[in-house]
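Asks: model_27.pdb (PDB, C-alpha atoms and all ligand atoms) pasted underneath:
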```pdb
ATOM      1  CA  MET A  10     -30.099  19.423  75.693
ATOM      2  CA  LYS A  11     -32.090  16.351  74.886
ATOM      3  CA  SER A  12     -34.026  18.091  72.113
ATOM      4  CA  LYS A  13     -30.794  19.099  70.268
ATOM      5  CA  VAL A  14     -29.674  15.469  69.999
ATOM      6  CA  MET A  15     -33.052  14.540  68.617
ATOM      7  CA  ALA A  16     -32.746  17.198  65.922
ATOM      8  CA  VAL A  17     -29.378  15.833  64.694
ATOM      9  CA  ALA A  18     -30.789  12.328  64.638
ATOM     10  CA  VAL A  19     -33.728  13.479  62.546
ATOM     11  CA  LEU A  20     -31.410  15.289  60.163
ATOM     12  CA  ILE A  21     -29.228  12.182  59.648
ATOM     13  CA  SER A  22     -32.204   9.952  59.035
ATOM     14  CA  GLY A  23     -33.427  12.528  56.548
ATOM     15  CA  VAL A  24     -30.140  12.385  54.603
ATOM     16  CA  ILE A  25     -30.210   8.598  54.606
ATOM     17  CA  SER A  26     -33.728   8.448  53.262
ATOM     18  CA  MET A  27     -32.889  10.998  50.490
ATOM     19  CA  CYS A  28     -29.930   8.923  49.288
ATOM     20  CA  GLY A  29     -31.777   5.630  49.453
ATOM     21  CA  CYS A  30     -34.628   6.872  47.263
ATOM     22  CA  HIS A  31     -33.525   4.613  44.341
ATOM     23  CA  SER A  32     -31.658   1.393  44.179
ATOM     24  CA  HIS A  33     -28.892   1.636  41.538
ATOM     25  CA  GLU A  34     -29.732   0.124  38.204
ATOM     26  CA  TYR A  35     -26.461  -0.673  36.443
ATOM     27  CA  SER A  36     -25.768  -0.914  32.772
ATOM     28  CA  GLU A  37     -23.306  -3.646  31.698
ATOM     29  CA  ALA A  38     -19.666  -2.720  31.844
ATOM     30  CA  THR A  39     -18.105  -2.059  28.424
ATOM     31  CA  CYS A  40     -14.534  -1.662  27.148
ATOM     32  CA  THR A  41     -14.690   2.054  27.895
ATOM     33  CA  GLN A  42     -17.028   2.253  30.931
ATOM     34  CA  PRO A  43     -17.436   0.346  34.189
ATOM     35  CA  LYS A  44     -20.890  -0.776  35.325
ATOM     36  CA  THR A  45     -22.772   2.535  35.502
ATOM     37  CA  CYS A  46     -26.030   3.382  37.254
ATOM     38  CA  ILE A  47     -28.542   4.531  34.691
ATOM     39  CA  GLY A  48     -30.199   6.738  37.298
ATOM     40  CA  CYS A  49     -27.337   8.537  38.982
ATOM     41  CA  GLY A  50     -24.257   7.728  36.948
ATOM     42  CA  GLU A  51     -22.476   6.079  39.830
ATOM     43  CA  THR A  52     -20.012   3.438  38.686
ATOM     44  CA  GLU A  53     -18.904   0.151  40.117
ATOM     45  CA  GLY A  54     -15.748  -1.794  39.301
ATOM     46  CA  GLU A  55     -13.717  -1.050  36.221
ATOM     47  CA  ALA A  56     -14.126  -1.005  32.455
ATOM     48  CA  LEU A  57     -13.549  -4.371  30.780
ATOM     49  CA  PRO A  58     -10.334  -4.929  28.834
ATOM     50  CA  HIS A  59     -10.474  -4.636  25.036
ATOM     51  CA  LEU A  60     -10.445  -7.884  23.110
ATOM     52  CA  PHE A  61      -7.950  -7.077  20.380
ATOM     53  CA  SER A  62      -7.513  -9.004  17.173
ATOM     54  CA  ASN A  63      -3.985  -9.012  15.739
ATOM     55  CA  ALA A  64      -2.995  -6.240  13.385
ATOM     56  CA  THR A  65      -3.152  -7.230   9.711
ATOM     57  CA  CYS A  66      -1.503  -5.848   6.577
ATOM     58  CA  THR A  67      -4.235  -3.251   6.214
ATOM     59  CA  LYS A  68      -5.801  -2.928   9.708
ATOM     60  CA  PRO A  69      -4.373  -2.054  13.115
ATOM     61  CA  LYS A  70      -5.125  -4.150  16.214
ATOM     62  CA  THR A  71      -8.905  -3.838  16.527
ATOM     63  CA  CYS A  72     -11.166  -4.592  19.517
ATOM     64  CA  LYS A  73     -13.681  -7.252  18.539
ATOM     65  CA  LYS A  74     -16.204  -5.792  20.959
ATOM     66  CA  CYS A  75     -16.071  -2.030  20.487
ATOM     67  CA  GLY A  76     -14.009  -1.522  17.338
ATOM     68  CA  ALA A  77     -11.341   0.557  19.072
ATOM     69  CA  THR A  78      -7.960   0.357  17.360
ATOM     70  CA  GLU A  79      -4.432   0.417  18.696
ATOM     71  CA  GLY A  80      -1.177   0.995  16.831
ATOM     72  CA  SER A  81      -1.162   0.769  13.066
ATOM     73  CA  ALA A  82      -1.503  -1.784  10.280
ATOM     74  CA  THR A  83       1.587  -3.894   9.660
ATOM     75  CA  GLY A  84       1.634  -3.108   5.929
ATOM     76  CA  HIS A  85       2.190  -5.767   3.286
ATOM     77  CA  SER A  86       5.431  -7.654   3.631
ATOM     78  CA  VAL A  87       6.374  -7.305  -0.047
ATOM     79  CA  SER A  88       6.638  -4.245  -2.285
ATOM     80  CA  ILE A  89       5.487  -6.200  -5.317
ATOM     81  CA  GLY A  90       3.914  -9.577  -6.030
ATOM     82  CA  ALA A  91       1.655 -11.696  -3.841
ATOM     83  CA  CYS A  92       1.784 -10.698  -0.172
ATOM     84  CA  PRO A  93       2.564 -13.906   1.747
ATOM     85  CA  GLU A  94       0.432 -12.648   4.652
ATOM     86  CA  CYS A  95      -2.819 -11.736   2.918
ATOM     87  CA  GLY A  96      -2.423 -12.899  -0.688
ATOM     88  CA  THR A  97      -3.089  -9.475  -2.160
ATOM     89  CA  ILE A  98      -1.189  -8.874  -5.399
ATOM     90  CA  ILE A  99       0.820  -5.716  -4.868
ATOM     91  CA  ASN A 100       1.629  -3.550  -7.890
ATOM     92  CA  ALA A 101      -0.111  -5.937 -10.267
ATOM     93  CA  ASP A 102       0.155  -3.371 -13.087
ATOM     94  CA  VAL A 103       3.942  -3.333 -12.827
ATOM     95  CA  LEU A 104       4.061  -7.125 -12.861
ATOM     96  CA  TYR A 105       1.908  -7.054 -15.949
ATOM     97  CA  LYS A 106       4.376  -4.757 -17.717
ATOM     98  CA  ILE A 107       7.253  -7.076 -16.888
ATOM     99  CA  GLU A 108       5.244 -10.077 -18.012
ATOM    100  CA  PHE A 109       4.491  -8.310 -21.281
ATOM    101  CA  GLN A 110       8.194  -7.742 -21.984
ATOM    102  CA  LEU A 111       9.078 -11.316 -21.079
ATOM    103  CA  ASN A 112       6.280 -12.685 -23.254
ATOM    104  CA  GLN A 113       7.570 -10.590 -26.153
ATOM    105  CA  SER A 114      11.079 -11.838 -25.559
ATOM    106  CA  TYR A 115       9.800 -15.398 -25.552
ATOM    107  CA  GLN A 116       8.346 -14.945 -29.053
ATOM    108  CA  PHE A 117      11.736 -13.775 -30.354
ATOM    109  CA  MET A 118      13.550 -16.509 -28.486
ATOM    110  CA  ASP A 119      11.240 -19.061 -30.057
ATOM    111  CA  MET A 120      11.910 -17.698 -33.558
ATOM    112  CA  ALA A 121      15.663 -17.691 -32.945
ATOM    113  CA  ILE A 122      15.679 -21.285 -31.736
ATOM    114  CA  THR A 123      13.508 -22.338 -34.666
ATOM    115  CA  ALA A 124      15.868 -20.645 -37.139
ATOM    116  CA  ILE A 125      18.788 -22.557 -35.632
ATOM    117  CA  ASN A 126      17.043 -25.903 -35.323
ATOM    118  CA  THR A 127      15.538 -25.946 -38.811
ATOM    119  CA  THR A 128      18.610 -24.871 -40.743
ATOM    120  CA  ASP A 129      20.107 -27.072 -43.441
ATOM    121  CA  GLN A 130      23.278 -28.300 -41.794
ATOM    122  CA  ASP A 131      24.705 -29.562 -45.083
ATOM    123  CA  ASN A 132      24.977 -26.059 -46.447
ATOM    124  CA  LEU A 133      27.197 -23.780 -44.383
ATOM    125  CA  SER A 134      26.009 -20.701 -46.285
ATOM    126  CA  THR A 135      22.428 -21.505 -45.281
ATOM    127  CA  VAL A 136      23.523 -22.214 -41.720
ATOM    128  CA  TYR A 137      25.311 -18.889 -41.615
ATOM    129  CA  MET A 138      22.236 -17.044 -42.930
ATOM    130  CA  ASP A 139      19.910 -18.784 -40.474
ATOM    131  CA  PHE A 140      22.276 -18.096 -37.596
ATOM    132  CA  MET A 141      22.334 -14.416 -38.588
ATOM    133  CA  ILE A 142      18.527 -14.446 -38.501
ATOM    134  CA  ALA A 143      18.675 -16.107 -35.071
ATOM    135  CA  TRP A 144      21.193 -13.521 -33.923
ATOM    136  CA  ALA A 145      18.813 -10.710 -34.939
ATOM    137  CA  HIS A 146      16.010 -12.362 -32.933
ATOM    138  CA  PHE A 147      18.344 -12.739 -29.959
ATOM    139  CA  GLU A 148      19.047  -9.003 -30.144
ATOM    140  CA  ASN A 149      15.304  -8.403 -29.817
ATOM    141  CA  VAL A 150      15.179 -10.761 -26.853
ATOM    142  CA  LYS A 151      17.885  -8.659 -25.235
ATOM    143  CA  ALA A 152      15.980  -5.443 -25.917
ATOM    144  CA  ASN A 153      12.945  -6.888 -24.105
ATOM    145  CA  LEU A 154      15.158  -8.015 -21.250
ATOM    146  CA  ARG A 155      16.574  -4.501 -20.912
ATOM    147  CA  ASP A 156      13.053  -3.071 -20.716
ATOM    148  CA  ALA A 157      12.015  -5.661 -18.137
ATOM    149  CA  SER A 158      15.138  -4.955 -16.086
ATOM    150  CA  TYR A 159      14.416  -1.236 -16.164
ATOM    151  CA  ILE A 160      10.935  -1.835 -14.734
ATOM    152  CA  CYS A 161      12.381  -4.096 -12.005
ATOM    153  CA  LYS A 162      14.907  -1.582 -10.760
ATOM    154  CA  ASP A 163      12.472   0.315  -8.496
ATOM    155  CA  TYR A 164      11.445  -2.808  -6.573
ATOM    156  CA  PRO A 165      13.894  -4.331  -4.107
ATOM    157  CA  ASP A 166      11.776  -7.479  -3.979
ATOM    158  CA  LEU A 167      12.583  -8.008  -7.664
ATOM    159  CA  SER A 168      16.333  -7.731  -7.212
ATOM    160  CA  THR A 169      16.891 -11.457  -7.781
ATOM    161  CA  LEU A 170      14.803 -11.420 -10.952
ATOM    162  CA  LYS A 171      16.580  -8.275 -12.133
ATOM    163  CA  ALA A 172      19.996  -9.831 -11.474
ATOM    164  CA  LYS A 173      19.093 -12.896 -13.521
ATOM    165  CA  ILE A 174      17.643 -10.831 -16.351
ATOM    166  CA  ASP A 175      20.762  -8.638 -16.388
ATOM    167  CA  LYS A 176      23.028 -11.664 -16.414
ATOM    168  CA  ALA A 177      21.247 -13.045 -19.480
ATOM    169  CA  GLU A 178      21.178  -9.655 -21.148
ATOM    170  CA  ARG A 179      24.942  -9.235 -20.706
ATOM    171  CA  ALA A 180      25.782 -12.669 -22.088
ATOM    172  CA  ASP A 181      28.190 -12.501 -24.997
ATOM    173  CA  LEU A 182      26.104 -13.074 -28.085
ATOM    174  CA  SER A 183      28.165 -11.641 -30.886
ATOM    175  CA  LYS A 184      27.134 -12.794 -34.351
ATOM    176  CA  PRO A 185      28.966 -15.610 -36.207
ATOM    177  CA  GLU A 186      32.257 -14.225 -37.462
ATOM    178  CA  SER A 187      32.219 -16.225 -40.698
ATOM    179  CA  LYS A 188      30.719 -19.224 -42.469
ATOM    180  CA  ASP A 189      33.562 -21.262 -41.113
ATOM    181  CA  VAL A 190      32.258 -24.296 -39.234
ATOM    182  CA  ASP A 191      34.259 -23.389 -36.121
ATOM    183  CA  ASP A 192      32.799 -19.887 -36.077
ATOM    184  CA  LEU A 193      29.313 -21.293 -36.550
ATOM    185  CA  ASN A 194      29.816 -23.746 -33.700
ATOM    186  CA  ALA A 195      31.203 -20.978 -31.527
ATOM    187  CA  PHE A 196      28.023 -19.032 -32.151
ATOM    188  CA  LEU A 197      25.952 -22.075 -31.173
ATOM    189  CA  THR A 198      27.866 -22.316 -27.918
ATOM    190  CA  ARG A 199      27.178 -18.637 -27.179
ATOM    191  CA  ALA A 200      23.514 -19.111 -28.107
ATOM    192  CA  ASN A 201      23.147 -22.112 -25.789
ATOM    193  CA  LYS A 202      24.765 -20.265 -22.912
ATOM    194  CA  PHE A 203      22.455 -17.301 -23.495
ATOM    195  CA  LYS A 204      19.405 -19.576 -23.639
ATOM    196  CA  ASP A 205      20.348 -21.180 -20.316
ATOM    197  CA  LEU A 206      20.675 -17.794 -18.588
ATOM    198  CA  TYR A 207      17.443 -16.662 -20.221
ATOM    199  CA  ASP A 208      15.540 -19.726 -19.013
ATOM    200  CA  ASP A 209      16.906 -19.157 -15.546
ATOM    201  CA  ALA A 210      15.551 -15.590 -15.520
ATOM    202  CA  LEU A 211      12.134 -16.688 -16.801
ATOM    203  CA  LYS A 212      11.919 -19.383 -14.162
ATOM    204  CA  GLU A 213      12.523 -16.715 -11.522
ATOM    205  CA  PHE A 214       9.541 -14.707 -12.773
ATOM    206  CA  SER A 215       7.012 -17.537 -12.887
TER     207      SER A 215
HETATM  208 ZN    ZN A 301     -27.923   5.185  41.177
HETATM  209 ZN    ZN A 302     -13.085  -2.725  23.161
HETATM  210 ZN    ZN A 303      -0.576  -8.272   2.900
END
```
Could you render the structure as structure tokens?
Ligand SMILES: [Zn+2]
Ligand SMILES: [Zn+2]
Ligand SMILES: [Zn+2]

Replies:
Amino acid sequence: MKSKVMAVAVLISGVISMCGCHSHEYSEATCTQPKTCIGCGETEGEALPHLFSNATCTKPKTCKKCGATEGSATGHSVSIGACPECGTIINADVLYKIEFQLNQSYQFMDMAITAINTTDQDNLSTVYMDFMIAWAHFENVKANLRDASYICKDYPDLSTLKAKIDKAERADLSKPESKDVDDLNAFLTRANKFKDLYDDALKEFS
């Protein structure tokens, strides 16, 4: 009877000594793994939490320690123009095309204004001719505005610019009806109104 008890005791001590043959040597806990024994793989505690940076326009939330990501990038907050979040110019090529049209229109506008401002006011026939030249330049301005508006139409963020361009483009700018001074003045009034709307549209673009 006594010998049987001894045998069990020996067996237990044997098990204990087998398990205690190494003291655990833990690696540091990481975002994905708790402290882990290099020898036997036993773990202690829990994995550390990720240290996420905020999502940006182009990158999802990203752990500063392990690079793990969560969710998705926020995307730029504009469809065109400078992103207020990151400063990237979105669709720069489209903006360039609009700028090109507006620059063209500005050349014609300048010629029209010059034709009006340099006319000989003492000679109504000359005034009429110069106003007709101005009117032709204004027509070219309008053609450029139509092209610019057409480019804008696909970009909701340009809706204000497009509205202002369209408003200028639709301004009544019929040519002077005669050499009569009233008709010439009426044309000047139309031209001034058009120029105001035009300037307003250009200001919106800059
Ligand atoms: Zn171990
Ligand atoms: Zn992490
Ligand atoms: Zn952005």

Asks: Distance limit 8 Å, reference ligand ZN 301 (chain A), atoms considered: only C-alpha atoms and all ligand atoms. Which residues make the cut? Give them as a PDB file with C-alpha atoms, in the coordinates of the input.

Replies:
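The result, stored in pocket.pdb:
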```
ATOM      1  CA  HIS A  31     -33.525   4.613  44.341  1.00  0.00           C
ATOM      2  CA  SER A  32     -31.658   1.393  44.179  1.00  0.00           C
ATOM      3  CA  HIS A  33     -28.892   1.636  41.538  1.00  0.00           C
ATOM      4  CA  GLU A  34     -29.732   0.124  38.204  1.00  0.00           C
ATOM      5  CA  TYR A  35     -26.461  -0.673  36.443  1.00  0.00           C
ATOM      6  CA  CYS A  46     -26.030   3.382  37.254  1.00  0.00           C
ATOM      7  CA  ILE A  47     -28.542   4.531  34.691  1.00  0.00           C
ATOM      8  CA  GLY A  48     -30.199   6.738  37.298  1.00  0.00           C
ATOM      9  CA  CYS A  49     -27.337   8.537  38.982  1.00  0.00           C
ATOM     10  CA  GLY A  50     -24.257   7.728  36.948  1.00  0.00           C
ATOM     11  CA  GLU A  51     -22.476   6.079  39.830  1.00  0.00           C
TER      12      GLU A  51
END
```

Asks: Evaluate the PyMOL selection byres (((chain A and resi 79-87) around 8) and not hetatm) on the structure here and hand back the selected residues as a list of chain:residue names.

Replies: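 Checking the PyMOL selection byres (((chain A and resi 79-87) around 8) and not hetatm) against this file, the residues are A:Ala64, A:Thr65, A:Cys66, A:Thr67, A:Lys68, A:Pro69, A:Lys70, A:Thr71, A:Ala77, A:Thr78, A:Ser88, A:Ile89, A:Gly90, A:Ala91, A:Cys92, A:Pro93, A:Glu94, A:Cys95, A:Ile99, A:Asp166.
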
Asks: What's the 12 Å shell around A:Thr127, counting all atoms listed in the file, without same-chain residues fewer than 2 positions away, as a PyMOL selection string?

Replies: chain A and resi 119-125+129-131+135-136+138-140+142-143

Asks: Closest to A:Ala172 among A:Leu211, A:Val150, A:Gly54, A:Arg199, using all atoms listed in the file?

Replies: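 Once distances to A:Ala172 are computed over all atoms listed in the file, the minimum belongs to A:Leu211.
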
Asks: What does the PyMOL selection byres (((chain A and resi 202) around 12) and not hetatm) select in this file, as a PyMOL selection string?

Replies: chain A and resi 176-182+195-201+203-209

Asks: What does the distance from atom CA of A:Val190 to atom CA of A:Gln116 come to in Å, to one decimal?

Replies: 27.6 Å

Asks: If we draw a sphere of 6 Å around (9.3, -6.4, -19.1), which residues have at least one atom in it when counting all atoms listed in the file? Please report them as a list of chain:residue names.

Replies: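 Selection result: A:Lys106, A:Ile107, A:Glu108, A:Phe109, A:Gln110, A:Leu111, A:Asp156, A:Ala157.
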
Asks: Residues within 12 Å of ligand ZN 302 (chain A) (all atoms listed in the file), as a count of residues only?

Replies: 22

Asks: Would you mind reading off the distance between atom CA of A:Trp144 and atom CA of A:Leu104, one decimal, in Å?

Replies: 27.9 Å

Asks: Taking into account all atoms listed in the file, which residue in the set A:Asn100, A:Ser158, A:Asn132, A:Thr169 is nearest to ligand ZN 303 (chain A)?

Replies: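 Among the listed residues, A:Asn100 lies closest to ligand ZN 303 (chain A).
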
Asks: With distances taken over all atoms listed in the file, which of A:Cys30, A:Ser183, A:Glu37, A:Gly96 is nearest to ligand ZN 303 (chain A)?

Replies: A:Gly96

Asks: Looking at A:Ile98, A:Leu167, A:Leu193, A:Ile160, which one is nearest to ligand ZN 303 (chain A), with distances taken over all atoms listed in the file?

Replies: A:Ile98
